[in-house]
$ cat entry-v4.pdb   # PDB, C-alpha atoms, pLDDT in the B column
ATOM      1  CA  MET A   1      31.132  30.379   0.178  1.00 52.00           C
ATOM      2  CA  GLU A   2      30.507  27.516  -2.233  1.00 54.00           C
ATOM      3  CA  THR A   3      28.548  24.428  -1.167  1.00 58.00           C
ATOM      4  CA  GLU A   4      30.452  21.153  -1.453  1.00 76.00           C
ATOM      5  CA  PRO A   5      29.099  18.802  -4.190  1.00 78.00           C
ATOM      6  CA  ASP A   6      28.134  16.097  -1.660  1.00 90.00           C
ATOM      7  CA  ALA A   7      26.217  18.576   0.491  1.00 90.00           C
ATOM      8  CA  HIS A   8      24.485  19.997  -2.600  1.00 89.00           C
ATOM      9  CA  ARG A   9      23.517  16.471  -3.741  1.00 91.00           C
ATOM     10  CA  ALA A  10      22.187  15.658  -0.261  1.00 93.00           C
ATOM     11  CA  ASP A  11      20.052  18.827  -0.352  1.00 93.00           C
ATOM     12  CA  GLU A  12      18.705  17.900  -3.800  1.00 94.00           C
ATOM     13  CA  LEU A  13      17.822  14.391  -2.630  1.00 94.00           C
ATOM     14  CA  ALA A  14      16.132  15.740   0.510  1.00 95.00           C
ATOM     15  CA  THR A  15      14.052  18.117  -1.628  1.00 95.00           C
ATOM     16  CA  LEU A  16      13.153  15.292  -4.021  1.00 95.00           C
ATOM     17  CA  ALA A  17      12.196  13.022  -1.105  1.00 94.00           C
ATOM     18  CA  ARG A  18       9.955  15.731   0.385  1.00 95.00           C
ATOM     19  CA  THR A  19       8.288  16.393  -2.984  1.00 95.00           C
ATOM     20  CA  VAL A  20       7.641  12.685  -3.602  1.00 94.00           C
ATOM     21  CA  ARG A  21       6.336  12.173  -0.040  1.00 94.00           C
ATOM     22  CA  GLU A  22       3.971  15.117  -0.346  1.00 95.00           C
ATOM     23  CA  GLY A  23       2.739  14.085  -3.787  1.00 93.00           C
ATOM     24  CA  VAL A  24       2.184  10.448  -2.830  1.00 92.00           C
ATOM     25  CA  GLY A  25       0.496  11.497   0.410  1.00 90.00           C
ATOM     26  CA  ARG A  26      -1.859  13.927  -1.330  1.00 93.00           C
ATOM     27  CA  LEU A  27      -2.671  11.374  -4.036  1.00 92.00           C
ATOM     28  CA  ASN A  28      -3.371   8.684  -1.435  1.00 85.00           C
ATOM     29  CA  TRP A  29      -5.614  11.048   0.551  1.00 84.00           C
ATOM     30  CA  ARG A  30      -7.495  12.022  -2.621  1.00 88.00           C
ATOM     31  CA  MET A  31      -8.005   8.424  -3.739  1.00 83.00           C
ATOM     32  CA  ARG A  32      -9.338   7.501  -0.294  1.00 78.00           C
ATOM     33  CA  SER A  33     -11.786  10.402  -0.399  1.00 80.00           C
ATOM     34  CA  GLU A  34     -12.895   9.564  -3.953  1.00 77.00           C
ATOM     35  CA  ALA A  35     -13.483   5.865  -3.196  1.00 65.00           C
ATOM     36  CA  GLY A  36     -16.926   6.628  -1.804  1.00 65.00           C
ATOM     37  CA  SER A  37     -17.683   4.226   1.007  1.00 62.00           C
ATOM     38  CA  PRO A  38     -15.532   4.184   4.117  1.00 65.00           C
ATOM     39  CA  ALA A  39     -12.755   1.671   3.831  1.00 68.00           C
ATOM     40  CA  PRO A  40     -10.717  -0.325   6.262  1.00 77.00           C
ATOM     41  CA  GLY A  41      -7.602   1.484   7.432  1.00 82.00           C
ATOM     42  CA  PRO A  42      -4.448   1.557   5.321  1.00 82.00           C
ATOM     43  CA  ALA A  43      -2.760  -1.153   7.411  1.00 88.00           C
ATOM     44  CA  ALA A  44      -5.764  -3.488   7.078  1.00 91.00           C
ATOM     45  CA  LEU A  45      -5.844  -2.896   3.324  1.00 89.00           C
ATOM     46  CA  ALA A  46      -2.106  -3.574   3.129  1.00 90.00           C
ATOM     47  CA  VAL A  47      -2.570  -6.896   4.955  1.00 94.00           C
ATOM     48  CA  LEU A  48      -5.475  -7.926   2.714  1.00 95.00           C
ATOM     49  CA  SER A  49      -3.476  -6.929  -0.360  1.00 93.00           C
ATOM     50  CA  ARG A  50      -0.424  -8.879   0.835  1.00 94.00           C
ATOM     51  CA  LEU A  51      -2.575 -11.967   1.425  1.00 96.00           C
ATOM     52  CA  TYR A  52      -4.165 -11.604  -2.001  1.00 95.00           C
ATOM     53  CA  ARG A  53      -0.844 -11.160  -3.807  1.00 93.00           C
ATOM     54  CA  GLY A  54       1.265 -13.541  -1.752  1.00 93.00           C
ATOM     55  CA  GLY A  55      -1.147 -16.153  -0.477  1.00 95.00           C
ATOM     56  CA  THR A  56      -1.179 -17.612   3.006  1.00 95.00           C
ATOM     57  CA  HIS A  57       1.164 -16.046   5.566  1.00 96.00           C
ATOM     58  CA  THR A  58       1.939 -16.471   9.225  1.00 94.00           C
ATOM     59  CA  PRO A  59       1.369 -13.424  11.438  1.00 94.00           C
ATOM     60  CA  GLY A  60       5.147 -13.039  11.791  1.00 92.00           C
ATOM     61  CA  GLU A  61       5.599 -13.007   8.018  1.00 93.00           C
ATOM     62  CA  LEU A  62       2.845 -10.408   7.657  1.00 94.00           C
ATOM     63  CA  ALA A  63       4.305  -8.198  10.388  1.00 93.00           C
ATOM     64  CA  GLU A  64       7.754  -8.338   8.798  1.00 92.00           C
ATOM     65  CA  ALA A  65       6.554  -7.854   5.219  1.00 90.00           C
ATOM     66  CA  GLU A  66       4.327  -4.902   6.095  1.00 89.00           C
ATOM     67  CA  ARG A  67       6.675  -3.513   8.750  1.00 89.00           C
ATOM     68  CA  ILE A  68       3.922  -3.563  11.361  1.00 91.00           C
ATOM     69  CA  HIS A  69       4.540  -4.159  15.083  1.00 92.00           C
ATOM     70  CA  PRO A  70       3.189  -7.572  16.091  1.00 90.00           C
ATOM     71  CA  GLN A  71       0.865  -5.973  18.675  1.00 91.00           C
ATOM     72  CA  SER A  72      -0.649  -3.697  16.012  1.00 91.00           C
ATOM     73  CA  LEU A  73      -0.981  -6.620  13.618  1.00 94.00           C
ATOM     74  CA  THR A  74      -2.845  -8.614  16.288  1.00 93.00           C
ATOM     75  CA  ARG A  75      -5.513  -5.878  16.448  1.00 94.00           C
ATOM     76  CA  ILE A  76      -5.703  -5.651  12.646  1.00 95.00           C
ATOM     77  CA  LEU A  77      -6.079  -9.432  12.280  1.00 96.00           C
ATOM     78  CA  ALA A  78      -8.778  -9.513  14.976  1.00 95.00           C
ATOM     79  CA  SER A  79     -10.733  -6.826  13.116  1.00 94.00           C
ATOM     80  CA  LEU A  80     -10.347  -8.603   9.764  1.00 96.00           C
ATOM     81  CA  ALA A  81     -11.372 -11.951  11.291  1.00 96.00           C
ATOM     82  CA  GLU A  82     -14.413 -10.349  12.936  1.00 95.00           C
ATOM     83  CA  ARG A  83     -15.511  -9.088   9.514  1.00 94.00           C
ATOM     84  CA  GLU A  84     -14.819 -12.558   8.093  1.00 96.00           C
ATOM     85  CA  TRP A  85     -12.284 -11.142   5.626  1.00 97.00           C
ATOM     86  CA  ILE A  86      -9.554 -13.557   6.740  1.00 97.00           C
ATOM     87  CA  THR A  87      -9.339 -17.030   8.191  1.00 97.00           C
ATOM     88  CA  ARG A  88      -6.835 -18.178  10.764  1.00 95.00           C
ATOM     89  CA  THR A  89      -5.955 -21.884  10.895  1.00 94.00           C
ATOM     90  CA  PRO A  90      -3.309 -23.768  12.862  1.00 94.00           C
ATOM     91  CA  ASP A  91      -0.032 -24.314  11.015  1.00 89.00           C
ATOM     92  CA  PRO A  92       0.269 -28.101  10.503  1.00 90.00           C
ATOM     93  CA  ALA A  93       4.073 -27.795  10.597  1.00 87.00           C
ATOM     94  CA  ASP A  94       4.107 -25.848  13.881  1.00 87.00           C
ATOM     95  CA  GLY A  95       1.015 -25.850  16.076  1.00 82.00           C
ATOM     96  CA  ARG A  96       2.195 -22.717  17.910  1.00 87.00           C
ATOM     97  CA  ARG A  97       1.724 -20.648  14.757  1.00 90.00           C
ATOM     98  CA  SER A  98      -1.339 -19.853  12.714  1.00 94.00           C
ATOM     99  CA  LEU A  99      -1.783 -19.409   8.989  1.00 96.00           C
ATOM    100  CA  ILE A 100      -3.689 -16.380   7.733  1.00 97.00           C
ATOM    101  CA  GLU A 101      -5.594 -16.462   4.448  1.00 97.00           C
ATOM    102  CA  ILE A 102      -7.890 -13.957   2.717  1.00 98.00           C
ATOM    103  CA  THR A 103     -11.514 -15.103   2.353  1.00 98.00           C
ATOM    104  CA  PRO A 104     -13.747 -14.542  -0.683  1.00 97.00           C
ATOM    105  CA  ALA A 105     -15.488 -11.779   1.311  1.00 96.00           C
ATOM    106  CA  GLY A 106     -12.113 -10.161   2.046  1.00 96.00           C
ATOM    107  CA  LEU A 107     -11.180 -10.335  -1.613  1.00 96.00           C
ATOM    108  CA  ARG A 108     -14.507  -8.734  -2.590  1.00 94.00           C
ATOM    109  CA  GLU A 109     -13.916  -5.894  -0.126  1.00 91.00           C
ATOM    110  CA  LEU A 110     -10.372  -5.360  -1.371  1.00 91.00           C
ATOM    111  CA  ARG A 111     -11.462  -5.349  -5.026  1.00 91.00           C
ATOM    112  CA  THR A 112     -14.459  -3.064  -4.419  1.00 88.00           C
ATOM    113  CA  TYR A 113     -12.280  -0.504  -2.686  1.00 86.00           C
ATOM    114  CA  SER A 114      -9.443  -0.871  -5.206  1.00 86.00           C
ATOM    115  CA  ILE A 115     -11.717  -0.569  -8.248  1.00 88.00           C
ATOM    116  CA  ALA A 116     -13.264   2.667  -6.968  1.00 85.00           C
ATOM    117  CA  ARG A 117      -9.823   4.182  -6.388  1.00 87.00           C
ATOM    118  CA  GLU A 118      -8.426   2.922  -9.698  1.00 90.00           C
ATOM    119  CA  ASN A 119     -11.427   4.235 -11.651  1.00 91.00           C
ATOM    120  CA  TRP A 120     -11.001   7.700 -10.152  1.00 91.00           C
ATOM    121  CA  LEU A 121      -7.239   7.641 -10.776  1.00 94.00           C
ATOM    122  CA  ALA A 122      -7.585   6.450 -14.385  1.00 96.00           C
ATOM    123  CA  ALA A 123     -10.056   9.242 -15.143  1.00 95.00           C
ATOM    124  CA  ALA A 124      -7.834  11.838 -13.453  1.00 95.00           C
ATOM    125  CA  VAL A 125      -4.781  10.644 -15.394  1.00 97.00           C
ATOM    126  CA  GLU A 126      -6.690  10.749 -18.675  1.00 97.00           C
ATOM    127  CA  ARG A 127      -8.075  14.262 -18.182  1.00 97.00           C
ATOM    128  CA  THR A 128      -4.940  15.758 -16.604  1.00 97.00           C
ATOM    129  CA  LEU A 129      -1.885  14.245 -18.310  1.00 97.00           C
ATOM    130  CA  SER A 130      -0.697  14.158 -21.900  1.00 97.00           C
ATOM    131  CA  PRO A 131       0.246  10.782 -23.428  1.00 97.00           C
ATOM    132  CA  THR A 132       3.936  11.585 -22.810  1.00 97.00           C
ATOM    133  CA  GLU A 133       3.216  12.459 -19.176  1.00 97.00           C
ATOM    134  CA  GLN A 134       1.205   9.251 -18.820  1.00 97.00           C
ATOM    135  CA  GLU A 135       4.241   7.270 -19.995  1.00 97.00           C
ATOM    136  CA  LEU A 136       6.460   9.132 -17.515  1.00 97.00           C
ATOM    137  CA  LEU A 137       3.964   8.309 -14.777  1.00 96.00           C
ATOM    138  CA  ARG A 138       4.068   4.636 -15.783  1.00 96.00           C
ATOM    139  CA  LEU A 139       7.867   4.691 -15.397  1.00 97.00           C
ATOM    140  CA  ALA A 140       7.682   6.610 -12.107  1.00 96.00           C
ATOM    141  CA  ALA A 141       5.148   4.116 -10.718  1.00 95.00           C
ATOM    142  CA  GLY A 142       7.605   1.295 -11.342  1.00 94.00           C
ATOM    143  CA  LEU A 143      10.355   3.269  -9.622  1.00 96.00           C
ATOM    144  CA  LEU A 144       8.137   3.973  -6.615  1.00 94.00           C
ATOM    145  CA  THR A 145       7.354   0.271  -6.330  1.00 90.00           C
ATOM    146  CA  ARG A 146      11.090  -0.536  -6.443  1.00 93.00           C
ATOM    147  CA  ILE A 147      11.779   1.980  -3.690  1.00 93.00           C
ATOM    148  CA  ALA A 148       8.919   0.631  -1.560  1.00 86.00           C
ATOM    149  CA  ASP A 149      10.171  -2.935  -1.969  1.00 85.00           C
ATOM    150  CA  SER A 150      13.804  -2.085  -1.203  1.00 87.00           C
TER     151      SER A 150
END

$ encode --input "entry-v4.pdb" --output "structure tokens"
Amino acid sequence: METEPDAHRADELATLARTVREGVGRLNWRMRSEAGSPAPGPAALAVLSRLYRGGTHTPGELAEAERIHPQSLTRILASLAEREWITRTPDPADGRRSLIEITPAGLRELRTYSIARENWLAAAVERTLSPTEQELLRLAAGLLTRIADS
């Protein structure tokens, strides 16, 4: 019995999705372990990174952008504020909301953690991949970012 083309394509995409998920997961785990010092959790790092890249946000904007439940975000923001990595100020346009901004200390923490991971990754790419493979990885990284942002 021959598999229909649509079913075959769906199987191929499922296999590709599993392979990408496993590869990204293993790479993320390895970079976390190579970073050295313990880091804030992935959600806290995502929030700090979003604030660094996008500037001031409301909690609702952060929750939506990072796809985090508001209750979970409340705990993350409390932890970041306790460490003085973010500030929370009243929104002048709507006093019921607050504005969240990364502090210099939060930026230092984000950069310290990111630099350690990026240094390990750059060295691993250099020793493991050929120049052609490095170019393919550059293209794949852009595609992964597009998928994540979709």

$ resolve_selection --input "entry-v4.pdb" --expression "the PyMOL selection byres ((chain A and resi 61-78) around 8)" --output "number ranges by chain"
A: 43-44, 46-47, 50, 57-60, 79-82, 86

$ write_last_selection --input "entry-v4.pdb" --atoms "C-alpha atoms" --output "PDB file, in the frame of the given file"
ATOM      1  CA  ALA A  43      -2.760  -1.153   7.411  1.00 88.00           C
ATOM      2  CA  ALA A  44      -5.764  -3.488   7.078  1.00 91.00           C
ATOM      3  CA  ALA A  46      -2.106  -3.574   3.129  1.00 90.00           C
ATOM      4  CA  VAL A  47      -2.570  -6.896   4.955  1.00 94.00           C
ATOM      5  CA  ARG A  50      -0.424  -8.879   0.835  1.00 94.00           C
ATOM      6  CA  HIS A  57       1.164 -16.046   5.566  1.00 96.00           C
ATOM      7  CA  THR A  58       1.939 -16.471   9.225  1.00 94.00           C
ATOM      8  CA  PRO A  59       1.369 -13.424  11.438  1.00 94.00           C
ATOM      9  CA  GLY A  60       5.147 -13.039  11.791  1.00 92.00           C
ATOM     10  CA  SER A  79     -10.733  -6.826  13.116  1.00 94.00           C
ATOM     11  CA  LEU A  80     -10.347  -8.603   9.764  1.00 96.00           C
ATOM     12  CA  ALA A  81     -11.372 -11.951  11.291  1.00 96.00           C
ATOM     13  CA  GLU A  82     -14.413 -10.349  12.936  1.00 95.00           C
ATOM     14  CA  ILE A  86      -9.554 -13.557   6.740  1.00 97.00           C
TER      15      ILE A  86
END

$ atom_distance --input "entry-v4.pdb" --atom1 "CA of Gly106 in chain A" --atom2 "CA of Ile147 in chain A"
27.4 Å

$ resolve_selection --input "entry-v4.pdb" --expression "the PyMOL selection byres ((chain A and resi 23-34) around 12)" --output "PDB file with C-alpha atoms, in the frame of the given file"
ATOM      1  CA  LEU A  16      13.153  15.292  -4.021  1.00 95.00           C
ATOM      2  CA  ALA A  17      12.196  13.022  -1.105  1.00 94.00           C
ATOM      3  CA  ARG A  18       9.955  15.731   0.385  1.00 95.00           C
ATOM      4  CA  THR A  19       8.288  16.393  -2.984  1.00 95.00           C
ATOM      5  CA  VAL A  20       7.641  12.685  -3.602  1.00 94.00           C
ATOM      6  CA  ARG A  21       6.336  12.173  -0.040  1.00 94.00           C
ATOM      7  CA  GLU A  22       3.971  15.117  -0.346  1.00 95.00           C
ATOM      8  CA  ALA A  35     -13.483   5.865  -3.196  1.00 65.00           C
ATOM      9  CA  GLY A  36     -16.926   6.628  -1.804  1.00 65.00           C
ATOM     10  CA  SER A  37     -17.683   4.226   1.007  1.00 62.00           C
ATOM     11  CA  PRO A  38     -15.532   4.184   4.117  1.00 65.00           C
ATOM     12  CA  ALA A  39     -12.755   1.671   3.831  1.00 68.00           C
ATOM     13  CA  PRO A  40     -10.717  -0.325   6.262  1.00 77.00           C
ATOM     14  CA  GLY A  41      -7.602   1.484   7.432  1.00 82.00           C
ATOM     15  CA  PRO A  42      -4.448   1.557   5.321  1.00 82.00           C
ATOM     16  CA  LEU A  45      -5.844  -2.896   3.324  1.00 89.00           C
ATOM     17  CA  TYR A 113     -12.280  -0.504  -2.686  1.00 86.00           C
ATOM     18  CA  SER A 114      -9.443  -0.871  -5.206  1.00 86.00           C
ATOM     19  CA  ILE A 115     -11.717  -0.569  -8.248  1.00 88.00           C
ATOM     20  CA  ALA A 116     -13.264   2.667  -6.968  1.00 85.00           C
ATOM     21  CA  ARG A 117      -9.823   4.182  -6.388  1.00 87.00           C
ATOM     22  CA  GLU A 118      -8.426   2.922  -9.698  1.00 90.00           C
ATOM     23  CA  ASN A 119     -11.427   4.235 -11.651  1.00 91.00           C
ATOM     24  CA  TRP A 120     -11.001   7.700 -10.152  1.00 91.00           C
ATOM     25  CA  LEU A 121      -7.239   7.641 -10.776  1.00 94.00           C
ATOM     26  CA  ALA A 122      -7.585   6.450 -14.385  1.00 96.00           C
ATOM     27  CA  ALA A 123     -10.056   9.242 -15.143  1.00 95.00           C
ATOM     28  CA  ALA A 124      -7.834  11.838 -13.453  1.00 95.00           C
ATOM     29  CA  VAL A 125      -4.781  10.644 -15.394  1.00 97.00           C
ATOM     30  CA  ALA A 140       7.682   6.610 -12.107  1.00 96.00           C
ATOM     31  CA  ALA A 141       5.148   4.116 -10.718  1.00 95.00           C
ATOM     32  CA  LEU A 144       8.137   3.973  -6.615  1.00 94.00           C
ATOM     33  CA  THR A 145       7.354   0.271  -6.330  1.00 90.00           C
ATOM     34  CA  ALA A 148       8.919   0.631  -1.560  1.00 86.00           C
TER      35      ALA A 148
END

$ atom_distance --input "entry-v4.pdb" --atom1 "CA of Arg97 in chain A" --atom2 "CA of Glu84 in chain A"
19.6 Å

$ atom_distance --input "entry-v4.pdb" --atom1 "CA of Gln134 in chain A" --atom2 "CA of Leu107 in chain A"
28.9 Å

$ resolve_selection --input "entry-v4.pdb" --expression "the PyMOL selection byres ((chain A and resi 90) around 12)" --output "VMD selection string"
chain A and resid 56 to 59 87 to 89 91 to 101
